[in-house]
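Note: the block below is my_file19.csv and it holds CSV, C-alpha atoms.
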```csv
chain,number,residue,atom,x,y,z
F,1,MET,CA,0.0,0.0,0.0
F,2,GLY,CA,1.2,3.5,-0.8
F,3,LYS,CA,0.7,6.8,1.0
F,4,VAL,CA,-1.0,9.9,-0.3
F,5,TYR,CA,0.4,13.4,0.5
F,6,LEU,CA,-2.0,16.3,0.1
F,7,VAL,CA,0.5,19.1,-0.5
F,8,GLY,CA,0.3,22.9,-0.8
F,9,ALA,CA,2.4,24.4,-3.5
F,10,GLY,CA,2.1,28.0,-2.3
F,11,PRO,CA,1.0,30.9,-4.4
F,12,GLY,CA,3.4,30.6,-7.3
F,13,ASP,CA,6.9,32.0,-6.4
F,14,PRO,CA,9.1,28.8,-6.4
F,15,GLU,CA,11.0,30.0,-3.3
F,16,LEU,CA,7.7,29.9,-1.3
F,17,LEU,CA,7.5,26.2,-1.6
F,18,THR,CA,8.1,24.5,1.7
F,19,LEU,CA,11.1,22.2,2.3
F,20,LYS,CA,8.8,19.3,3.0
F,21,ALA,CA,6.8,19.8,-0.2
F,22,MET,CA,10.1,19.9,-2.1
F,23,ARG,CA,11.3,16.7,-0.5
F,24,LEU,CA,8.1,14.9,-1.4
F,25,LEU,CA,8.1,16.1,-5.0
F,26,LYS,CA,11.6,14.7,-5.4
F,27,THR,CA,10.6,11.3,-4.2
F,28,ALA,CA,7.0,11.0,-5.5
F,29,ASP,CA,6.1,8.1,-7.7
F,30,VAL,CA,2.9,9.8,-8.9
F,31,VAL,CA,2.1,13.6,-8.9
F,32,ILE,CA,-1.5,14.7,-9.5
F,33,TYR,CA,-1.3,18.5,-9.9
F,34,ASP,CA,-3.6,21.5,-10.3
F,35,ARG,CA,-3.6,24.3,-12.8
F,36,LEU,CA,-2.4,26.9,-10.2
F,37,CYS,CA,0.7,25.0,-9.3
F,38,ASN,CA,3.9,26.6,-10.8
F,39,PRO,CA,4.9,24.2,-13.6
F,40,LEU,CA,8.5,24.6,-12.5
F,41,PHE,CA,7.8,22.3,-9.6
F,42,LEU,CA,7.4,19.4,-12.0
F,43,HIS,CA,11.1,19.7,-12.7
F,44,LEU,CA,11.8,18.6,-9.2
F,45,THR,CA,10.2,15.2,-9.8
F,46,LYS,CA,12.3,12.1,-10.7
F,47,ARG,CA,12.3,11.0,-14.3
F,48,THR,CA,10.2,7.9,-13.6
F,49,ALA,CA,7.4,9.8,-11.8
F,50,LYS,CA,3.9,9.7,-13.4
F,51,LEU,CA,2.6,13.2,-13.8
F,52,ILE,CA,-1.2,13.7,-14.0
F,53,TYR,CA,-2.8,17.1,-14.7
F,54,CYS,CA,-6.2,17.7,-13.2
F,55,GLY,CA,-6.5,21.4,-13.5
F,56,LYS,CA,-9.8,23.3,-13.3
F,57,LYS,CA,-10.8,26.4,-15.2
F,58,PRO,CA,-14.2,28.1,-15.1
F,59,TYR,CA,-16.6,25.9,-17.0
F,60,HIS,CA,-13.8,23.5,-18.0
F,61,HIS,CA,-12.3,20.8,-15.7
F,62,ALA,CA,-9.5,18.5,-17.0
F,63,MET,CA,-10.8,16.0,-14.3
F,64,LYS,CA,-13.9,16.2,-12.3
F,65,GLN,CA,-13.4,16.1,-8.5
F,66,GLU,CA,-15.0,12.6,-8.4
F,67,LYS,CA,-12.4,11.3,-10.9
F,68,ILE,CA,-9.6,12.9,-8.9
F,69,ASN,CA,-10.9,11.1,-5.8
F,70,GLU,CA,-10.9,7.8,-7.7
F,71,ALA,CA,-7.4,8.4,-8.9
F,72,LEU,CA,-6.1,9.1,-5.4
F,73,VAL,CA,-7.6,5.8,-4.2
F,74,GLU,CA,-6.4,3.8,-7.2
F,75,TYR,CA,-2.8,5.0,-7.0
F,76,GLY,CA,-2.9,5.0,-3.2
F,77,LYS,CA,-3.6,1.2,-3.2
F,78,SER,CA,-0.4,0.6,-5.1
F,79,GLU,CA,3.1,0.9,-3.5
F,80,GLY,CA,4.8,4.2,-3.6
F,81,GLU,CA,4.3,7.9,-2.8
F,82,ILE,CA,1.5,9.8,-4.3
F,83,VAL,CA,1.6,13.6,-4.1
F,84,ARG,CA,-1.7,15.6,-4.7
F,85,LEU,CA,-0.2,19.0,-5.5
F,86,LYS,CA,-2.5,22.0,-4.9
F,87,GLY,CA,-1.9,25.7,-5.4
F,88,GLY,CA,-1.7,27.7,-2.1
F,89,ASP,CA,-2.7,25.7,0.9
F,90,PRO,CA,-4.7,22.5,0.4
F,91,SER,CA,-7.0,23.2,3.4
F,92,ILE,CA,-8.0,26.7,2.1
F,93,PHE,CA,-10.7,26.2,-0.6
F,94,GLY,CA,-8.7,23.2,-2.0
F,95,ARG,CA,-11.5,20.6,-1.7
F,96,VAL,CA,-9.2,18.7,0.6
F,97,ARG,CA,-12.0,17.5,2.8
F,98,GLU,CA,-13.6,15.6,-0.1
F,99,GLU,CA,-10.3,13.9,-0.9
F,100,ILE,CA,-9.6,13.1,2.8
F,101,ASP,CA,-13.1,11.5,3.1
F,102,CYS,CA,-12.5,9.2,0.1
F,103,LEU,CA,-9.0,8.2,1.4
F,104,GLU,CA,-10.4,7.4,4.9
F,105,ARG,CA,-13.2,5.3,3.4
F,106,ALA,CA,-10.6,3.4,1.5
F,107,LYS,CA,-8.5,3.1,4.7
F,108,LEU,CA,-5.5,4.6,3.0
F,109,PRO,CA,-2.7,6.5,4.9
F,110,TYR,CA,-2.3,10.2,4.1
F,111,GLU,CA,-0.7,13.4,5.3
F,112,ILE,CA,-1.6,17.0,4.8
F,113,VAL,CA,1.3,19.4,4.0
F,114,PRO,CA,0.3,23.0,4.5
F,115,GLY,CA,1.4,25.7,2.0
F,116,ILE,CA,1.3,29.5,1.9
F,117,THR,CA,-2.2,30.4,0.9
F,118,ALA,CA,-3.1,32.9,-1.8
F,119,ALA,CA,-4.4,35.5,0.6
F,120,SER,CA,-1.0,35.7,2.4
F,121,GLY,CA,1.2,35.4,-0.6
F,122,ALA,CA,-0.7,37.6,-3.1
F,123,ALA,CA,-1.3,40.3,-0.5
F,124,ALA,CA,2.3,40.4,0.7
F,125,TYR,CA,3.7,40.6,-2.9
F,126,ALA,CA,1.2,43.4,-3.6
F,127,GLY,CA,2.3,45.3,-0.6
F,128,VAL,CA,-0.9,44.8,1.4
F,129,THR,CA,-0.7,43.8,5.1
F,130,LEU,CA,-3.9,41.9,5.9
F,131,THR,CA,-3.9,43.1,9.5
F,132,ASP,CA,-3.0,46.5,10.8
F,133,ARG,CA,-3.2,47.8,14.4
F,134,GLU,CA,-4.9,51.0,13.1
F,135,SER,CA,-7.4,49.6,10.6
F,136,SER,CA,-7.8,45.8,10.7
F,137,SER,CA,-8.1,43.4,13.7
F,138,HIS,CA,-9.4,40.4,11.8
F,139,VAL,CA,-9.2,38.7,8.4
F,140,THR,CA,-12.0,36.8,6.6
F,141,LEU,CA,-11.3,34.3,3.8
F,142,SER,CA,-14.4,33.7,1.8
F,143,THR,CA,-15.5,32.3,-1.6
F,144,ALA,CA,-18.7,32.9,-3.6
F,145,HIS,CA,-18.5,29.3,-4.9
F,146,ARG,CA,-19.9,27.3,-2.1
F,147,LYS,CA,-21.5,24.0,-3.2
F,148,GLY,CA,-25.3,24.1,-3.2
F,149,ASP,CA,-25.5,27.7,-1.9
F,150,HIS,CA,-25.5,30.9,-3.8
F,151,GLY,CA,-24.6,33.0,-0.7
F,152,GLU,CA,-27.9,34.9,-0.7
F,153,SER,CA,-27.9,35.1,3.1
F,154,GLU,CA,-24.2,35.8,3.5
F,155,GLN,CA,-23.6,38.6,5.9
F,156,MET,CA,-20.5,40.2,4.2
F,157,ALA,CA,-20.6,43.6,5.9
F,158,GLY,CA,-19.0,42.1,9.0
F,159,PHE,CA,-16.1,40.9,6.9
F,160,THR,CA,-14.8,44.5,6.3
F,161,LYS,CA,-15.9,46.2,9.6
F,162,HIS,CA,-12.6,46.9,11.3
F,163,GLY,CA,-11.2,44.1,9.3
F,164,THR,CA,-10.1,42.7,5.9
F,165,ALA,CA,-12.0,40.5,3.5
F,166,CYS,CA,-10.3,38.2,1.0
F,167,PHE,CA,-12.5,36.7,-1.7
F,168,TYR,CA,-11.1,33.7,-3.5
F,169,MET,CA,-12.3,32.8,-7.0
F,170,GLY,CA,-14.4,35.9,-7.0
F,171,MET,CA,-13.8,37.5,-10.5
F,172,GLU,CA,-17.0,36.2,-12.0
F,173,ASN,CA,-18.9,37.0,-8.8
F,174,LEU,CA,-17.5,40.6,-8.4
F,175,PRO,CA,-20.9,42.2,-9.3
F,176,PHE,CA,-22.6,39.9,-6.8
F,177,ILE,CA,-20.0,40.6,-4.1
F,178,LYS,CA,-20.4,44.4,-4.7
F,179,LYS,CA,-24.2,44.2,-4.6
F,180,LYS,CA,-24.3,42.3,-1.3
F,181,LEU,CA,-21.8,44.7,0.3
F,182,LEU,CA,-23.8,47.7,-0.8
F,183,GLU,CA,-27.1,46.1,0.3
F,184,GLN,CA,-25.5,45.7,3.8
F,185,ALA,CA,-24.6,49.4,4.0
F,186,VAL,CA,-20.9,49.1,3.2
F,187,ALA,CA,-19.5,52.4,2.0
F,188,LEU,CA,-19.0,53.1,-1.7
F,189,ASP,CA,-15.5,54.3,-1.0
F,190,LEU,CA,-14.4,51.1,0.7
F,191,PRO,CA,-10.9,50.4,-0.7
F,192,VAL,CA,-10.6,47.3,-2.9
F,193,ALA,CA,-7.6,45.6,-4.6
F,194,ILE,CA,-7.7,42.8,-7.1
F,195,ILE,CA,-4.4,40.8,-7.6
F,196,SER,CA,-4.1,38.5,-10.6
F,197,TRP,CA,-1.3,35.8,-10.6
F,198,GLY,CA,0.0,36.9,-7.3
F,199,SER,CA,3.7,36.4,-6.6
F,200,TYR,CA,4.4,35.5,-10.3
F,201,GLY,CA,6.4,37.8,-12.5
F,202,ARG,CA,3.2,38.4,-14.4
F,203,GLN,CA,1.4,39.7,-11.3
F,204,LYS,CA,-1.1,42.4,-12.0
F,205,LYS,CA,-2.8,44.6,-9.4
F,206,ILE,CA,-5.8,46.9,-9.7
F,207,VAL,CA,-6.7,49.3,-6.8
F,208,GLY,CA,-9.9,51.2,-6.5
F,209,THR,CA,-13.1,51.5,-4.4
F,210,LEU,CA,-16.2,49.5,-4.1
F,211,SER,CA,-17.9,51.9,-6.5
F,212,SER,CA,-15.1,51.9,-9.2
F,213,ILE,CA,-13.6,48.5,-9.1
F,214,GLU,CA,-15.8,46.8,-11.7
F,215,GLN,CA,-15.0,49.5,-14.3
F,216,LEU,CA,-11.3,49.3,-13.5
F,217,VAL,CA,-11.3,45.5,-13.9
F,218,GLU,CA,-12.9,45.9,-17.3
F,219,GLN,CA,-10.5,48.5,-18.5
F,220,ALA,CA,-7.5,46.4,-17.3
F,221,ASP,CA,-8.9,43.2,-18.8
F,222,LEU,CA,-8.0,41.4,-15.6
F,223,ILE,CA,-8.5,37.6,-15.6
F,224,ASN,CA,-8.5,34.6,-13.3
F,225,PRO,CA,-6.8,33.5,-11.1
F,226,ALA,CA,-7.3,36.6,-9.0
F,227,LEU,CA,-7.8,37.5,-5.3
F,228,ILE,CA,-10.1,40.3,-4.2
F,229,ILE,CA,-9.1,42.1,-1.0
F,230,ALA,CA,-11.5,44.6,0.5
F,231,GLY,CA,-10.7,46.8,3.5
F,232,ASP,CA,-8.9,49.9,4.8
F,233,VAL,CA,-5.6,48.0,4.6
F,234,VAL,CA,-5.7,48.4,0.8
F,235,SER,CA,-5.5,52.2,1.1
F,236,ARG,CA,-2.5,52.0,3.5
F,237,ALA,CA,-0.4,49.9,0.9
F,238,PRO,CA,2.1,51.7,-1.3
F,239,ALA,CA,1.1,52.3,-5.0
F,240,GLU,CA,4.0,50.1,-6.0
F,241,SER,CA,5.0,47.1,-3.8
F,242,TRP,CA,8.5,45.9,-3.0
F,243,PHE,CA,7.9,43.0,-5.4
F,244,GLU,CA,6.8,45.3,-8.2
F,245,LYS,CA,9.9,47.4,-7.8
F,246,LEU,CA,12.3,44.5,-8.5
F,247,PRO,CA,14.3,45.1,-11.7
F,248,LEU,CA,13.0,42.0,-13.4
F,249,PHE,CA,9.4,42.3,-12.4
F,250,GLY,CA,7.1,41.6,-15.3
F,251,LYS,CA,9.8,39.9,-17.3
F,252,LYS,CA,9.3,36.3,-18.5
F,253,ASN,CA,12.6,35.1,-17.1
F,254,SER,CA,12.5,36.6,-13.7
F,255,ILE,CA,15.0,36.0,-10.8
F,256,TYR,CA,12.5,33.6,-9.3
F,257,HIS,CA,13.2,31.2,-12.1
F,258,ARG,CA,16.8,30.8,-11.3
F,259,LYS,CA,18.3,27.3,-11.5
F,260,THR,CA,19.7,27.4,-8.0
F,261,PHE,CA,16.1,26.7,-6.8
F,262,PHE,CA,16.4,23.1,-7.9
F,263,PHE,CA,19.5,22.1,-5.9
```
Show me, as structure tokens, the structure contained in the file I just sent.
Amino acid sequence: MGKVYLVGAGPGDPELLTLKAMRLLKTADVVIYDRLCNPLFLHLTKRTAKLIYCGKKPYHHAMKQEKINEALVEYGKSEGEIVRLKGGDPSIFGRVREEIDCLERAKLPYEIVPGITAASGAAAYAGVTLTDRESSSHVTLSTAHRKGDHGESEQMAGFTKHGTACFYMGMENLPFIKKKLLEQAVALDLPVAIISWGSYGRQKKIVGTLSSIEQLVEQADLINPALIIAGDVVSRAPAESWFEKLPLFGKKNSIYHRKTFFF
């Protein structure tokens, strides 16, 4: 019998991969990986490793979740190490509970390996501190994609009152998020930032207010994957972050692709 590792790959910058995740990738016999995992991580695997892509895009899934669950059980019953590689942290909107349930039903051993989640990684690389003694005493991680629920009763106003709200997978639901916040008496001038491909060299950031953000997104042609951050911490961030000031920011061959990462 093998063992399954549910591993977080972090937000994208290869140097944010944990040491444990790196070790497991180097020894894995099977790697089942998501779309949001940096493809450079696959170069860490041994030549004999079987690589299986199961990425999901809006309205297009390379593998449905049920098939991923079946694959984990199938390969887990064979000898060897199986790495289920997920972008960010597997326990933050990574459907890891569904995969754990199927592994436990099959009585297969597994481990969860945390990773840096998108809220922490993208915010830091965009110059936004999610908490601030002057303006934010709590952080809420939310998604508008809950199974079987369209969020009609969601009380979003509390997310941003003296705090910061991070909406995952929210680009398609930006109009809905804005509508619900306004219905719950959140101010039109609430600062909002949207960060696309956070921590990658192609990172793009749009900053506005609740009233202007939709128009700014349309003008910038911003696309998924993207994280929405709402709260006063956005207005306290510099216009250009430390990451965006790096000399090779925006270049295809950035310093974060250096070969030394693999040794």
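Nearest residue to Ala21 of chain F among F:Pro114, F:Pro191, F:Ala62, F:Pro175 is F:Pro114, counting all atoms listed in the file.
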Task: Close residues, segment 121-130 of chain F itself excluded, 7 Å, all atoms listed in the file, min 2 positions apart in chain, as number ranges by chain - done: F: 11, 116-119, 132, 139, 164, 195, 198-199, 233-234, 237-238, 241-243
Open item on the list: Given only C-alpha atoms as the basis, pick out the residue of F:Pro90, F:Gly80, F:Gly201, F:Gly115 nearest to Leu246 of chain F.
Closed with: F:Gly201
Task: Surrounding residues of Pro39 of chain F excluding itself and chain neighbours under 3 positions, 12 Å, all atoms listed in the file, as an MDAnalysis selection string - done: chainID F and resid 9 12:14 31 33:36 42:45 51 53 55 85:87 200 257
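What separates atom CA of Val30 of chain F from atom CA of Ala49 of chain F is a distance of 5.4 Å.
Shortest atom-to-atom contact with Thr143 of chain F among F:Asp89, F:Asp101, F:Glu172, F:Glu214: F:Glu172, counting all atoms listed in the file.
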Open item on the list: Show me, as a ChimeraX atom specification, the residues that have an atom within 9 Å of Ile112 of chain F when counting all atoms listed in the file, minus same-chain residues fewer than 2 positions from it.
Closed with: /F:4-8,90-91,96,110,114
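Between Val186 of chain F and the candidates F:Ala220, F:Val207, F:Ala230, F:Leu24, the tightest atom-to-atom separation, counting only C-alpha atoms, involves F:Ala230.
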Open item on the list: Restricting the calculation to only C-alpha atoms: of F:Ile223, F:Leu72, F:Val83, F:Val192, which residue gets closest to Ala106 of chain F?
Closed with: F:Leu72
TODO: Find the residues near Ile206 of chain F: any atom within 9 Å, counting all atoms listed in the file, skip ones fewer than 3 places away on the same chain, and give them as a ChimeraX atom specification.
DONE: /F:192-196,213,216-217,220,222
Just C-alpha atoms for this one: save the residues we selected as an mmCIF file, keeping the file's coordinate frame.
```cif
data_model
loop_
_atom_site.group_PDB
_atom_site.id
_atom_site.type_symbol
_atom_site.label_atom_id
_atom_site.label_comp_id
_atom_site.auth_asym_id
_atom_site.auth_seq_id
_atom_site.Cartn_x
_atom_site.Cartn_y
_atom_site.Cartn_z
ATOM 1 C CA VAL F 192 -10.600 47.300 -2.900
ATOM 2 C CA ALA F 193 -7.600 45.600 -4.600
ATOM 3 C CA ILE F 194 -7.700 42.800 -7.100
ATOM 4 C CA ILE F 195 -4.400 40.800 -7.600
ATOM 5 C CA SER F 196 -4.100 38.500 -10.600
ATOM 6 C CA ILE F 213 -13.600 48.500 -9.100
ATOM 7 C CA LEU F 216 -11.300 49.300 -13.500
ATOM 8 C CA VAL F 217 -11.300 45.500 -13.900
ATOM 9 C CA ALA F 220 -7.500 46.400 -17.300
ATOM 10 C CA LEU F 222 -8.000 41.400 -15.600
#
```
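Here atom CA of Leu25 of chain F stands at a distance of 9.3 Å from atom CA of Glu81 of chain F.
The closest residue to Lys178 of chain F, picked from F:Ser211, F:Asn224, F:Thr27, F:Ser137 and counting all atoms listed in the file, is F:Ser211.
Atom pair atom CA of Glu183 of chain F / atom CA of Lys161 of chain F: separated by 14.6 Å.
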TODO: Extract, using all atoms listed in the file, all DNA, RNA and protein residues at most 12 Å from Gly2 of chain F, discarding same-chain residues fewer than 6 positions from it, and format them as a PyMOL selection string.
DONE: chain F and resi 28-30+72-83+103+107-111
Go ahead and save the residues from that selection, with C-alpha atoms, as a PDB file, in the coordinates of the input.
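What landed in part_5.pdb:
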```pdb
ATOM      1  CA  ALA F  28       7.000  11.000  -5.500  1.00  0.00           C
ATOM      2  CA  ASP F  29       6.100   8.100  -7.700  1.00  0.00           C
ATOM      3  CA  VAL F  30       2.900   9.800  -8.900  1.00  0.00           C
ATOM      4  CA  LEU F  72      -6.100   9.100  -5.400  1.00  0.00           C
ATOM      5  CA  VAL F  73      -7.600   5.800  -4.200  1.00  0.00           C
ATOM      6  CA  GLU F  74      -6.400   3.800  -7.200  1.00  0.00           C
ATOM      7  CA  TYR F  75      -2.800   5.000  -7.000  1.00  0.00           C
ATOM      8  CA  GLY F  76      -2.900   5.000  -3.200  1.00  0.00           C
ATOM      9  CA  LYS F  77      -3.600   1.200  -3.200  1.00  0.00           C
ATOM     10  CA  SER F  78      -0.400   0.600  -5.100  1.00  0.00           C
ATOM     11  CA  GLU F  79       3.100   0.900  -3.500  1.00  0.00           C
ATOM     12  CA  GLY F  80       4.800   4.200  -3.600  1.00  0.00           C
ATOM     13  CA  GLU F  81       4.300   7.900  -2.800  1.00  0.00           C
ATOM     14  CA  ILE F  82       1.500   9.800  -4.300  1.00  0.00           C
ATOM     15  CA  VAL F  83       1.600  13.600  -4.100  1.00  0.00           C
ATOM     16  CA  LEU F 103      -9.000   8.200   1.400  1.00  0.00           C
ATOM     17  CA  LYS F 107      -8.500   3.100   4.700  1.00  0.00           C
ATOM     18  CA  LEU F 108      -5.500   4.600   3.000  1.00  0.00           C
ATOM     19  CA  PRO F 109      -2.700   6.500   4.900  1.00  0.00           C
ATOM     20  CA  TYR F 110      -2.300  10.200   4.100  1.00  0.00           C
ATOM     21  CA  GLU F 111      -0.700  13.400   5.300  1.00  0.00           C
TER      22      GLU F 111
END
```
Where atoms are absent from segment 46-58 of chain F, fill them in so it carries N, CA, C and O atoms, then output it as an mmCIF file, in the frame of the given file.
```cif
data_model
loop_
_atom_site.group_PDB
_atom_site.id
_atom_site.type_symbol
_atom_site.label_atom_id
_atom_site.label_comp_id
_atom_site.auth_asym_id
_atom_site.auth_seq_id
_atom_site.Cartn_x
_atom_site.Cartn_y
_atom_site.Cartn_z
ATOM 1 N N LYS F 46 11.362 13.056 -10.062
ATOM 2 C CA LYS F 46 12.300 12.100 -10.700
ATOM 3 C C LYS F 46 11.761 11.730 -12.083
ATOM 4 O O LYS F 46 10.567 11.863 -12.376
ATOM 5 N N ARG F 47 12.645 11.243 -12.929
ATOM 6 C CA ARG F 47 12.300 11.000 -14.300
ATOM 7 C C ARG F 47 11.208 9.893 -14.435
ATOM 8 O O ARG F 47 10.449 9.872 -15.410
ATOM 9 N N THR F 48 11.135 9.002 -13.482
ATOM 10 C CA THR F 48 10.200 7.900 -13.600
ATOM 11 C C THR F 48 8.810 8.259 -12.987
ATOM 12 O O THR F 48 7.879 7.447 -13.049
ATOM 13 N N ALA F 49 8.676 9.448 -12.441
ATOM 14 C CA ALA F 49 7.400 9.800 -11.800
ATOM 15 C C ALA F 49 6.304 9.983 -12.865
ATOM 16 O O ALA F 49 6.533 10.488 -13.958
ATOM 17 N N LYS F 50 5.118 9.543 -12.510
ATOM 18 C CA LYS F 50 3.900 9.700 -13.400
ATOM 19 C C LYS F 50 3.283 11.035 -13.022
ATOM 20 O O LYS F 50 2.920 11.271 -11.867
ATOM 21 N N LEU F 51 3.129 11.912 -14.018
ATOM 22 C CA LEU F 51 2.600 13.200 -13.800
ATOM 23 C C LEU F 51 1.163 13.299 -14.401
ATOM 24 O O LEU F 51 0.983 13.026 -15.588
ATOM 25 N N ILE F 52 0.191 13.669 -13.580
ATOM 26 C CA ILE F 52 -1.200 13.700 -14.000
ATOM 27 C C ILE F 52 -1.785 15.072 -13.776
ATOM 28 O O ILE F 52 -1.833 15.553 -12.636
ATOM 29 N N TYR F 53 -2.223 15.715 -14.847
ATOM 30 C CA TYR F 53 -2.800 17.100 -14.700
ATOM 31 C C TYR F 53 -4.295 16.958 -14.484
ATOM 32 O O TYR F 53 -5.025 16.235 -15.176
ATOM 33 N N CYS F 54 -4.769 17.684 -13.497
ATOM 34 C CA CYS F 54 -6.200 17.700 -13.200
ATOM 35 C C CYS F 54 -6.738 19.073 -12.966
ATOM 36 O O CYS F 54 -7.631 19.297 -12.154
ATOM 37 N N GLY F 55 -6.161 20.039 -13.673
ATOM 38 C CA GLY F 55 -6.500 21.400 -13.500
ATOM 39 C C GLY F 55 -7.929 21.794 -13.800
ATOM 40 O O GLY F 55 -8.574 21.157 -14.631
ATOM 41 N N LYS F 56 -8.391 22.843 -13.120
ATOM 42 C CA LYS F 56 -9.800 23.300 -13.300
ATOM 43 C C LYS F 56 -9.739 24.778 -13.752
ATOM 44 O O LYS F 56 -9.077 25.606 -13.145
ATOM 45 N N LYS F 57 -10.482 25.087 -14.812
ATOM 46 C CA LYS F 57 -10.800 26.400 -15.200
ATOM 47 C C LYS F 57 -12.267 26.655 -15.121
ATOM 48 O O LYS F 57 -13.025 25.674 -15.091
ATOM 49 N N PRO F 58 -12.725 27.913 -15.078
ATOM 50 C CA PRO F 58 -14.200 28.100 -15.100
ATOM 51 C C PRO F 58 -14.811 27.435 -16.293
ATOM 52 O O PRO F 58 -14.388 27.634 -17.428
#
```
